[in-house]
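Shown here: model33.csv, CSV, C-alpha atoms.
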chain,number,residue,atom,x,y,z
T,1,MET,CA,93.5,124.6,120.6
T,2,ASN,CA,95.7,126.1,118.0
T,3,PRO,CA,93.7,125.8,114.7
T,4,LYS,CA,96.8,124.4,112.9
T,5,TYR,CA,96.9,121.4,115.2
T,6,LYS,CA,93.2,121.0,115.1
T,7,ARG,CA,93.4,120.7,111.3
T,8,LEU,CA,96.3,118.3,111.6
T,9,LEU,CA,94.4,116.2,114.1
T,10,ILE,CA,91.3,116.1,111.8
T,11,LEU,CA,93.4,115.1,108.9
T,12,PHE,CA,95.1,112.4,110.9
T,13,LEU,CA,91.7,111.1,112.1
T,14,ILE,CA,90.2,111.0,108.6
T,15,LEU,CA,93.3,109.2,107.3
T,16,SER,CA,93.2,106.5,110.0
T,17,ILE,CA,89.5,105.9,109.5
T,18,LEU,CA,89.9,105.7,105.7
T,19,GLY,CA,92.9,103.4,106.2
T,20,LEU,CA,90.9,101.1,108.4
T,21,ALA,CA,88.0,101.1,106.0
T,22,THR,CA,90.4,100.3,103.1
T,23,LYS,CA,91.9,97.5,105.1
T,24,LEU,CA,88.5,96.0,105.8
T,25,VAL,CA,87.5,96.3,102.2
T,26,LEU,CA,90.7,94.6,101.0
T,27,MET,CA,90.2,91.8,103.5
T,28,ALA,CA,86.7,91.3,102.4
T,29,LEU,CA,87.8,91.2,98.8
T,30,GLU,CA,90.9,89.1,99.3
T,31,GLU,CA,89.5,86.3,97.2
T,32,ASN,CA,89.1,88.6,94.2
T,33,ILE,CA,92.4,90.3,94.7
T,34,ILE,CA,94.6,87.3,94.7
T,35,TYR,CA,95.5,86.6,91.2
T,36,PHE,CA,95.7,82.8,91.4
T,37,TYR,CA,95.4,79.8,93.7
T,38,THR,CA,98.1,77.3,94.2
T,39,PRO,CA,96.9,73.7,93.7
T,40,ASN,CA,96.9,73.2,97.5
T,41,GLU,CA,94.9,76.3,98.2
T,42,LEU,CA,92.4,75.3,95.6
T,43,LYS,CA,91.9,71.9,97.3
T,44,LYS,CA,91.5,73.6,100.7
T,45,LYS,CA,89.0,76.1,99.3
T,46,TYR,CA,86.9,73.7,97.2
T,47,GLY,CA,87.5,70.5,98.9
T,48,ASN,CA,86.9,67.6,96.5
T,49,VAL,CA,84.9,69.5,93.9
T,50,LYS,CA,85.9,68.2,90.6
T,51,ASN,CA,84.3,70.6,88.2
T,52,ILE,CA,84.4,74.4,88.4
T,53,GLU,CA,82.5,76.2,85.7
T,54,ASN,CA,83.8,79.7,86.5
T,55,LYS,CA,87.2,80.6,85.3
T,56,ILE,CA,89.9,80.1,87.9
T,57,ARG,CA,93.6,80.7,87.8
T,58,ILE,CA,96.1,78.2,89.1
T,59,GLY,CA,99.7,79.1,89.8
T,60,GLY,CA,102.7,77.1,90.7
T,61,LEU,CA,105.8,75.5,89.2
T,62,VAL,CA,105.8,73.3,86.1
T,63,LEU,CA,106.3,69.8,87.5
T,64,GLU,CA,109.5,68.0,86.2
T,65,ASP,CA,109.0,65.3,83.6
T,66,SER,CA,105.3,66.1,83.3
T,67,ILE,CA,105.4,68.0,80.0
T,68,VAL,CA,103.9,66.3,77.0
T,69,ILE,CA,103.6,68.5,73.9
T,70,ASN,CA,101.4,67.0,71.1
T,71,LYS,CA,100.6,68.6,67.8
T,72,ASN,CA,98.0,70.9,69.0
T,73,GLU,CA,97.8,70.4,72.7
T,74,SER,CA,100.3,70.7,75.6
T,75,ILE,CA,99.8,68.7,78.7
T,76,PHE,CA,101.7,69.4,81.9
T,77,GLU,CA,101.3,69.5,85.7
T,78,ILE,CA,101.4,72.5,88.0
T,79,THR,CA,102.8,71.8,91.5
T,80,ASP,CA,103.2,73.7,94.7
T,81,LYS,CA,105.1,70.8,96.2
T,82,LYS,CA,102.0,69.6,98.1
T,83,ASP,CA,99.5,69.0,95.4
T,84,ASN,CA,99.5,68.8,91.6
T,85,ILE,CA,97.0,69.7,88.9
T,86,LYS,CA,97.1,68.5,85.4
T,87,VAL,CA,96.7,71.2,82.7
T,88,PHE,CA,95.5,70.9,79.1
T,89,PHE,CA,96.3,73.8,76.9
T,90,LYS,CA,95.8,74.5,73.2
T,91,GLY,CA,97.8,77.5,72.3
T,92,GLN,CA,101.1,79.2,72.3
T,93,LEU,CA,103.1,78.7,75.5
T,94,PRO,CA,105.2,81.6,76.7
T,95,ASP,CA,108.9,81.7,75.9
T,96,LEU,CA,109.9,81.2,79.6
T,97,PHE,CA,107.8,78.0,79.9
T,98,ARG,CA,109.9,75.1,81.0
T,99,GLU,CA,110.2,72.6,83.8
T,100,GLY,CA,110.4,74.2,87.2
T,101,GLN,CA,109.3,77.6,85.9
T,102,GLY,CA,106.6,79.5,87.8
T,103,ILE,CA,103.5,79.9,85.7
T,104,VAL,CA,99.8,80.8,86.0
T,105,ALA,CA,97.2,79.0,84.0
T,106,GLU,CA,93.6,80.2,83.6
T,107,GLY,CA,90.7,78.0,82.6
T,108,ILE,CA,87.9,75.8,83.9
T,109,LEU,CA,88.2,72.8,86.1
T,110,LYS,CA,86.9,69.6,84.5
T,111,ASP,CA,87.3,66.3,86.2
T,112,ASN,CA,90.1,67.7,88.4
T,113,LYS,CA,92.0,68.8,85.3
T,114,LEU,CA,92.4,72.4,84.2
T,115,ILE,CA,91.3,73.1,80.7
T,116,ALA,CA,93.3,76.3,80.2
T,117,ASN,CA,92.7,79.0,77.7
T,118,GLN,CA,95.7,81.0,78.8
T,119,VAL,CA,99.1,80.2,80.2
T,120,LEU,CA,101.3,83.0,81.5
T,121,ALA,CA,104.9,82.8,82.7
T,122,LYS,CA,105.6,84.2,86.2
T,123,HIS,CA,109.0,85.7,86.4
T,124,ASP,CA,110.8,85.6,89.8
T,125,GLU,CA,112.8,88.4,91.4
T,126,ASN,CA,116.3,87.1,90.6
T,127,TYR,CA,118.3,89.0,88.0
T,128,MET,CA,121.7,87.8,87.0
T,129,PRO,CA,123.9,87.3,83.9
T,130,PRO,CA,124.0,83.8,82.4
T,131,GLU,CA,127.6,83.2,83.4
T,132,VAL,CA,126.7,83.9,87.0
T,133,ALA,CA,123.7,81.6,86.9
T,134,ASP,CA,125.9,78.8,85.4
T,135,ALA,CA,128.6,79.3,88.0
T,136,LEU,CA,126.1,79.2,90.8
T,137,ILE,CA,124.6,76.0,89.6
T,138,LYS,CA,128.0,74.4,89.1
T,139,SER,CA,129.2,75.3,92.6
T,140,GLY,CA,126.0,74.0,94.0
T,141,VAL,CA,125.1,77.2,95.8
T,142,TRP,CA,121.9,77.6,93.8
T,143,GLN,CA,119.9,74.9,92.1
T,144,GLY,CA,118.6,77.1,89.4
T,145,GLU,CA,115.1,77.4,88.1
T,146,LYS,CA,114.9,73.9,87.0
T,147,LYS,CA,115.1,72.0,90.2
T,148,LYS,CA,113.5,74.6,92.5
Y,1,MET,CA,111.4,126.5,110.2
Y,2,PHE,CA,108.7,126.0,107.6
Y,3,ASP,CA,108.0,129.7,107.5
Y,4,TRP,CA,111.6,130.2,106.8
Y,5,LEU,CA,111.7,127.8,103.9
Y,6,ALA,CA,108.3,128.8,102.6
Y,7,ASN,CA,109.4,132.3,101.7
Y,8,PRO,CA,109.2,132.6,97.9
Y,9,ASN,CA,112.2,135.0,97.6
Y,10,ARG,CA,114.4,132.7,99.7
Y,11,PHE,CA,113.2,129.8,97.6
Y,12,LYS,CA,114.2,131.6,94.4
Y,13,LYS,CA,117.6,132.5,95.9
Y,14,ILE,CA,118.4,129.0,96.8
Y,15,THR,CA,117.1,127.3,93.7
Y,16,ASN,CA,118.7,129.8,91.3
Y,17,LYS,CA,122.1,128.5,92.5
Y,18,LEU,CA,121.0,124.9,92.5
Y,19,GLU,CA,119.2,124.8,89.2
Y,20,PRO,CA,122.0,124.6,86.6
Y,21,SER,CA,124.2,122.1,88.5
Y,22,LEU,CA,121.1,119.9,89.1
Y,23,LEU,CA,120.4,119.8,85.4
Y,24,VAL,CA,124.0,118.9,84.5
Y,25,ILE,CA,124.5,116.3,87.2
Y,26,SER,CA,121.1,114.6,86.6
Y,27,LEU,CA,121.8,114.4,82.8
Y,28,LEU,CA,125.2,113.0,83.5
Y,29,PHE,CA,123.7,110.3,85.6
Y,30,ILE,CA,121.0,109.5,83.0
Y,31,ILE,CA,123.5,109.4,80.1
Y,32,PHE,CA,125.9,107.1,82.0
Y,33,GLY,CA,123.0,105.1,83.3
Y,34,LEU,CA,121.5,104.7,79.8
Y,35,TYR,CA,124.9,103.7,78.4
Y,36,PHE,CA,125.4,101.0,81.0
Y,37,SER,CA,121.8,99.8,80.8
Y,38,LEU,CA,121.8,99.6,77.0
Y,39,PHE,CA,125.3,98.7,76.1
Y,40,ASP,CA,127.5,97.7,79.0
Y,41,SER,CA,125.5,95.4,81.2
Y,42,PRO,CA,125.0,91.7,80.9
Y,43,LYS,CA,121.9,90.0,79.5
Y,44,ASP,CA,119.7,88.2,82.0
Y,45,TYR,CA,120.0,84.4,82.2
Y,46,GLN,CA,116.3,84.1,81.6
Y,47,GLN,CA,115.0,87.4,80.1
Y,48,GLY,CA,117.9,88.1,77.7
Y,49,ASP,CA,118.0,91.6,76.5
Y,50,ALA,CA,114.4,92.3,77.7
Y,51,VAL,CA,115.9,92.9,81.2
Y,52,ARG,CA,117.1,96.3,79.9
Y,53,ILE,CA,113.5,97.6,80.1
Y,54,MET,CA,113.8,97.2,83.9
Y,55,TYR,CA,116.4,100.1,84.0
Y,56,VAL,CA,113.7,102.5,83.0
Y,57,HIS,CA,110.7,100.7,84.5
Y,58,VAL,CA,112.0,100.4,88.1
Y,59,PRO,CA,113.3,104.0,88.5
Y,60,SER,CA,110.0,105.3,87.0
Y,61,ALA,CA,108.0,103.2,89.4
Y,62,TRP,CA,110.0,104.3,92.4
Y,63,LEU,CA,109.9,108.0,91.4
Y,64,ALA,CA,106.1,107.7,90.7
Y,65,SER,CA,105.6,106.5,94.3
Y,66,PHE,CA,108.1,108.8,95.9
Y,67,LEU,CA,106.8,111.9,94.1
Y,68,TYR,CA,103.3,110.9,95.2
Y,69,LEU,CA,104.5,110.8,98.8
Y,70,SER,CA,106.0,114.3,98.3
Y,71,LEU,CA,102.8,115.5,96.7
Y,72,ALA,CA,100.8,114.3,99.7
Y,73,VAL,CA,103.2,115.8,102.3
Y,74,SER,CA,103.2,119.2,100.6
Y,75,SER,CA,99.4,118.9,100.4
Y,76,ILE,CA,99.4,118.4,104.2
Y,77,PHE,CA,101.5,121.5,104.5
Y,78,TYR,CA,99.1,123.5,102.4
Y,79,LEU,CA,96.0,122.4,104.2
Y,80,VAL,CA,97.4,122.6,107.7
Y,81,TRP,CA,99.9,125.5,107.6
Y,82,LYS,CA,98.2,127.2,104.6
Y,83,HIS,CA,101.4,128.1,102.8
Y,84,PRO,CA,100.7,129.1,99.3
Y,85,LEU,CA,104.1,127.9,98.2
Y,86,ALA,CA,103.2,124.4,99.3
Y,87,ASP,CA,100.3,124.4,96.9
Y,88,LEU,CA,102.6,125.6,94.1
Y,89,ILE,CA,104.9,122.7,94.9
Y,90,SER,CA,102.1,120.1,94.9
Y,91,SER,CA,100.7,121.3,91.5
Y,92,SER,CA,104.3,121.3,90.2
Y,93,ILE,CA,104.9,117.7,91.3
Y,94,ALA,CA,101.6,116.2,90.0
Y,95,PRO,CA,102.3,116.2,86.2
Y,96,ILE,CA,105.8,114.8,86.7
Y,97,GLY,CA,104.5,112.1,88.9
Y,98,ALA,CA,101.7,111.3,86.4
Y,99,LEU,CA,104.3,111.1,83.7
Y,100,PHE,CA,106.5,108.6,85.6
Y,101,SER,CA,103.5,106.4,86.5
Y,102,ILE,CA,102.3,106.2,82.9
Y,103,LEU,CA,106.0,105.4,81.9
Y,104,THR,CA,106.0,102.6,84.5
Y,105,LEU,CA,102.8,101.2,83.1
Y,106,ILE,CA,103.9,101.4,79.5
Y,107,THR,CA,107.4,99.9,80.0
Y,108,GLY,CA,105.9,97.2,82.3
Y,109,SER,CA,103.5,96.3,79.6
Y,110,LEU,CA,106.2,96.2,77.0
Y,111,TRP,CA,108.2,93.8,79.2
Y,112,GLY,CA,105.1,91.8,80.1
Y,113,LYS,CA,104.2,90.8,76.6
Y,114,PRO,CA,107.4,88.9,75.8
Y,115,MET,CA,108.1,87.6,79.4
Y,116,TRP,CA,104.7,86.8,80.8
Y,117,GLY,CA,102.9,86.4,77.5
Y,118,THR,CA,100.4,89.3,78.1
Y,119,TRP,CA,100.4,93.1,78.0
Y,120,TRP,CA,98.2,93.5,81.1
Y,121,VAL,CA,96.6,91.5,83.9
Y,122,TRP,CA,94.4,92.8,86.7
Y,123,ASP,CA,96.7,91.6,89.5
Y,124,ALA,CA,97.1,93.7,92.7
Y,125,ARG,CA,100.4,95.3,91.7
Y,126,LEU,CA,99.4,96.4,88.3
Y,127,THR,CA,96.0,97.6,89.3
Y,128,SER,CA,97.3,99.6,92.3
Y,129,MET,CA,99.8,101.3,90.0
Y,130,LEU,CA,97.1,102.2,87.6
Y,131,ILE,CA,95.1,103.7,90.5
Y,132,LEU,CA,98.2,105.8,91.4
Y,133,PHE,CA,98.1,107.2,87.9
Y,134,PHE,CA,94.4,108.0,88.4
Y,135,PHE,CA,95.1,109.8,91.7
Y,136,TYR,CA,97.6,112.0,89.9
Y,137,LEU,CA,95.1,112.7,87.1
Y,138,GLY,CA,92.4,113.4,89.7
Y,139,PHE,CA,94.7,115.8,91.5
Y,140,ILE,CA,95.4,117.7,88.3
Y,141,LEU,CA,91.8,117.8,87.2
Y,142,LEU,CA,90.5,118.9,90.6
Y,143,HIS,CA,93.1,121.5,90.9
Y,144,ASN,CA,91.9,123.2,87.8
Y,145,ALA,CA,88.2,122.5,88.1
Y,146,PHE,CA,87.1,125.5,90.2
Y,147,GLU,CA,86.3,129.1,89.4
Y,148,ARG,CA,88.0,130.2,92.6
Y,149,LYS,CA,91.5,128.8,92.6
Y,150,VAL,CA,91.6,128.3,96.4
Y,151,ASP,CA,88.8,125.8,96.1
Y,152,GLY,CA,90.7,123.7,93.6
Y,153,SER,CA,93.8,123.8,95.6
Y,154,LYS,CA,92.0,122.7,98.8
Y,155,SER,CA,90.0,119.9,97.3
Y,156,ALA,CA,92.9,118.6,95.2
Y,157,SER,CA,95.1,118.5,98.4
Y,158,VAL,CA,92.4,116.5,100.2
Y,159,LEU,CA,92.4,114.0,97.3
Y,160,ALA,CA,96.2,113.8,97.4
Y,161,ILE,CA,96.2,113.0,101.1
Y,162,ILE,CA,93.5,110.3,100.7
Y,163,GLY,CA,95.7,108.7,98.1
Y,164,ILE,CA,98.5,108.0,100.6
Y,165,ILE,CA,96.6,104.9,101.5
Y,166,ASN,CA,97.4,103.5,98.0
Y,167,LEU,CA,101.2,103.7,98.5
Y,168,PRO,CA,101.6,100.8,101.0
Y,169,ILE,CA,99.2,98.8,98.9
Y,170,ILE,CA,101.5,99.3,95.8
Y,171,LYS,CA,104.6,98.4,97.8
Y,172,PHE,CA,103.3,95.4,99.6
Y,173,SER,CA,100.8,94.1,97.1
Y,174,VAL,CA,103.4,91.5,95.9
Y,175,ASP,CA,103.8,90.2,99.4
Y,176,TRP,CA,100.2,90.3,100.6
Y,177,TRP,CA,98.6,88.6,97.7
Y,178,HIS,CA,99.5,86.2,94.9
Y,179,THR,CA,100.3,88.4,92.0
Y,180,LEU,CA,101.7,87.8,88.5
Y,181,HIS,CA,104.2,90.6,89.2
Y,182,GLN,CA,107.4,89.5,90.8
Y,183,PRO,CA,108.2,90.6,94.4
Y,184,SER,CA,110.8,93.2,95.1
Y,185,SER,CA,114.5,92.4,94.2
Y,186,ILE,CA,116.2,95.3,95.9
Y,187,LEU,CA,114.4,96.3,99.1
Y,188,LYS,CA,114.2,92.9,100.8
Y,189,PHE,CA,115.5,91.5,104.1
Y,190,ASP,CA,118.2,89.2,102.8
Y,191,GLY,CA,119.8,91.8,100.5
Y,192,PRO,CA,119.2,92.5,96.8
Y,193,SER,CA,118.7,89.5,94.6
Y,194,ILE,CA,120.1,91.3,91.6
Y,195,ASP,CA,123.6,91.0,90.2
Y,196,ASN,CA,125.9,93.9,91.0
Y,197,GLN,CA,126.6,94.5,87.3
Y,198,MET,CA,122.9,95.1,86.9
Y,199,LEU,CA,122.5,97.0,90.1
Y,200,LEU,CA,125.0,99.7,88.9
Y,201,PRO,CA,123.0,101.0,85.9
Y,202,LEU,CA,119.8,100.7,87.9
Y,203,THR,CA,121.2,102.9,90.7
Y,204,LEU,CA,122.6,105.4,88.2
Y,205,MET,CA,119.2,105.7,86.6
Y,206,ILE,CA,117.3,106.0,89.9
Y,207,ILE,CA,119.6,108.8,91.0
Y,208,GLY,CA,119.4,110.5,87.6
Y,209,PHE,CA,115.6,110.3,87.4
Y,210,GLY,CA,115.4,111.6,91.0
Y,211,LEU,CA,117.6,114.6,90.4
Y,212,PHE,CA,116.0,115.4,87.1
Y,213,SER,CA,112.5,115.4,88.7
Y,214,LEU,CA,113.8,117.8,91.3
Y,215,TYR,CA,115.1,120.0,88.6
Y,216,LEU,CA,111.8,119.9,86.7
Y,217,ILE,CA,109.8,120.6,89.9
Y,218,ILE,CA,112.0,123.7,90.7
Y,219,VAL,CA,111.5,125.0,87.2
Y,220,ASN,CA,107.8,124.4,87.5
Y,221,VAL,CA,107.5,126.2,90.8
Y,222,LYS,CA,109.5,129.2,89.6
Y,223,THR,CA,107.3,129.5,86.5
Y,224,LYS,CA,104.2,129.4,88.7
Y,225,LEU,CA,105.7,132.1,91.0
Y,226,ILE,CA,106.2,134.4,88.0
Y,227,GLU,CA,102.7,133.6,86.8
Y,228,LYS,CA,101.3,134.6,90.1
Y,229,LYS,CA,103.3,137.9,90.1
Y,230,CYS,CA,102.0,138.7,86.6
Y,231,GLU,CA,98.4,138.1,87.7
Y,232,ALA,CA,98.9,140.3,90.7
Y,233,LEU,CA,100.4,143.1,88.4
Y,234,ILE,CA,97.5,142.8,86.0
Y,235,LEU,CA,95.1,143.1,88.8
Y,236,LYS,CA,96.8,146.2,90.1
Y,237,LEU,CA,96.8,147.8,86.7
Y,238,ASN,CA,93.1,147.1,86.3
Y,239,LEU,CA,92.3,148.6,89.6
Y,240,LYS,CA,94.3,151.7,88.7
Y,241,GLU,CA,92.3,152.1,85.5
Y,242,LEU,CA,89.1,151.8,87.3
Y,243,SER,CA,89.9,154.5,89.9
Represent the structure of the file as structure tokens.
Amino acid sequence: MNPKYKRLLILFLILSILGLATKLVLMALEENIIYFYTPNELKKKYGNVKNIENKIRIGGLVLEDSIVINKNESIFEITDKKDNIKVFFKGQLPDLFREGQGIVAEGILKDNKLIANQVLAKHDENYMPPEVADALIKSGVWQGEKKK
Amino acid sequence: MFDWLANPNRFKKITNKLEPSLLVISLLFIIFGLYFSLFDSPKDYQQGDAVRIMYVHVPSAWLASFLYLSLAVSSIFYLVWKHPLADLISSSIAPIGALFSILTLITGSLWGKPMWGTWWVWDARLTSMLILFFFYLGFILLHNAFERKVDGSKSASVLAIIGIINLPIIKFSVDWWHTLHQPSSILKFDGPSIDNQMLLPLTLMIIGFGLFSLYLIIVNVKTKLIEKKCEALILKLNLKELS
């Protein structure tokens, strides 16, 4: 065989084996790679466990009409439209925080409530000027972030 | 065909003509791109002015990934076809790619603080991008780590090829796993979800960054060719003195 093609073949083989190995590793580590669970996924994974001592992250949308902001604590619910989880958070909420916004909260689960030590806003992939967003909401084509 | 392209003299001939126009055109794209991104494009309905960071962040990220693909392909050419020019091209691409990946990480971080509320998280997209930066660094270090230059070129090329595996992980990380990073706005099935007024400066910047990288790579390769020639000349002179 031409040595060039032999080298090419060897490279190709090595790459496929490495690719396969990487895929297996990533599959095995999937739980560590995903950045957060949605409330429904958490329920599926832990069943009816009410307390989780290790830090977990819950992601989803801020449920409408669920926000209560007290002097030093904010209470709200995260929803994935199947399940909700109540979140207690003492600290500065991100600027993008509002009803219907995607967020990720990190903390421990206590009595089925998340005692969060960090709340991050998750931005979506839509980019548009404010006028366009208004027009879209008015014409009913798009419901906007709030009612998503 | 590769032999035809890999001739250093022909490479010089072609690139000598290309070089000045490449520089001018790429700078024009970047100047207009920057003007539109900073002054003549709308604010985002959510992000406000912070959206302007995207016009540097996204082109950098694309270039960092695309340059890595080019680095890996030219490494394959070097290892399989043993063309010395391919090695020069790889080692010329690496520092530029490293620069774009660190630029991606920095601009992303600057955007993340006001928008997400954090400079950095270890989600799949951010982490795989950091790994891309490390692959570039690894290539550069390995390339220079050996007494015999050929050893460095070979081992660095192997590393570059292994790193290809990271590219689909970067691209699809936002679809495969839950990440804090948002999914792709431009390359998606149902068309871009980004307003045309914002797509314009973004496109200008991507083309500008791309052409400017090509210019830098050409300058880099030519410098390395001259370096090689000098080394050969010095070697010749030394040999003469000895005899």
I want to know what sits within 7 Å of Gly117 of chain Y, based on all atoms listed in the file, with residues of the same chain fewer than 3 positions away left out; could you give that as JSON, numbers by chain? {"T": [94, 120, 121], "Y": [112, 113, 114]}
One number please: atom CA of Met205 of chain Y to atom CA of Lys12 of chain Y, in Å, one decimal.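 Between these atoms lies a distance of 27.5 Å.
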Please find the residues of chain T near chain Y - the criterion being any atom within 6 Å, counting all atoms listed in the file - and write them as a list of chain:residue names. T:Lys4, T:Arg7, T:Leu8, T:Ile34, T:Tyr35, T:Pro94, T:Leu120, T:Ala121, T:Lys122, T:Asp124, T:Glu125, T:Asn126, T:Tyr127, T:Met128, T:Pro129, T:Pro130
Could you take the residues named above and write them with C-alpha atoms, as a short mmCIF file (atom, residue, chain, number, x, y, z; two decimals), in the frame of the given file?
data_model
loop_
_atom_site.label_atom_id
_atom_site.label_comp_id
_atom_site.auth_asym_id
_atom_site.auth_seq_id
_atom_site.Cartn_x
_atom_site.Cartn_y
_atom_site.Cartn_z
CA LYS T 4 96.80 124.40 112.90
CA ARG T 7 93.40 120.70 111.30
CA LEU T 8 96.30 118.30 111.60
CA ILE T 34 94.60 87.30 94.70
CA TYR T 35 95.50 86.60 91.20
CA PRO T 94 105.20 81.60 76.70
CA LEU T 120 101.30 83.00 81.50
CA ALA T 121 104.90 82.80 82.70
CA LYS T 122 105.60 84.20 86.20
CA ASP T 124 110.80 85.60 89.80
CA GLU T 125 112.80 88.40 91.40
CA ASN T 126 116.30 87.10 90.60
CA TYR T 127 118.30 89.00 88.00
CA MET T 128 121.70 87.80 87.00
CA PRO T 129 123.90 87.30 83.90
CA PRO T 130 124.00 83.80 82.40
#
Leaving out Lys71 of chain T and any residue of its chain fewer than 6 positions from it, which residues lie within 12 Å of it when counting all atoms listed in the file, given as a ChimeraX atom specification? /T:89-92
List the spatial neighbours of Lys222 of chain Y as JSON, numbers by chain - criterion: any atom at most 12 Å away, only C-alpha atoms, same-chain residues fewer than 2 positions off excluded. {"Y": [8, 9, 10, 11, 12, 13, 14, 15, 16, 19, 85, 88, 89, 91, 92, 215, 216, 217, 218, 219, 220, 224, 225, 226, 227, 228, 229]}
Which value, in Å to one decimal, gives the distance between atom CA of Tyr46 of chain T and atom CA of Asp175 of chain Y?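 For atom CA of Tyr46 of chain T relative to atom CA of Asp175 of chain Y, the distance reads 23.7 Å.
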Using all atoms listed in the file, which residues sit within 7 Å of Phe133 of chain Y once same-chain residues fewer than 5 positions away are excluded, as a PyMOL selection string? chain Y and resi 98+101-102
What is the distance, in Å and to one decimal place, between atom CA of Lys81 of chain T and atom CA of Arg57 of chain T? 17.3 Å
Would you kindly return, as a PyMOL selection string, each protein, DNA or RNA residue with an atom no farther than 9 Å from any atom of segment 97-114 of chain T, considering all atoms listed in the file and excluding same-chain residues fewer than 4 positions away? (chain T and resi 35-37+48-67+78+85-89+93+118-124+144-148) or (chain Y and resi 116+180)
Name the closest residue to Lys171 of chain Y among the candidates Y:Ser37, Y:Ser65, Y:Ser90, Y:Thr223; distances are taken between atoms, counting all atoms listed in the file.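 Of the candidates, the smallest distance to Lys171 of chain Y is held by Y:Ser65.
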Restricting the calculation to only C-alpha atoms, which member of Y:Leu242, Y:Tyr68, Y:His57, Y:Leu137 is positioned closest to Leu167 of chain Y?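 Result for the nearest residue to Leu167 of chain Y: Y:Tyr68.
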Using only C-alpha atoms, find the one residue out of T:Ala116, T:Leu13, T:Gly47, T:Asn40 that sits nearest to Glu73 of chain T.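 Looking at the shortest contact to Glu73 of chain T, the residue is T:Ala116.
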Between Y:Ser70, Y:Asp49, Y:Phe29, Y:Ile93, which has the minimum distance to Val221 of chain Y (counting only C-alpha atoms)?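 Looking only at the distances to Val221 of chain Y, the closest residue turns out to be Y:Ile93.
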Selected residue, from Y:Gly33, Y:Pro84, Y:Pro20, Y:Pro95, that lies nearest to Gly208 of chain Y when counting only C-alpha atoms: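 Of all the options, Y:Gly33 lies closest to Gly208 of chain Y.
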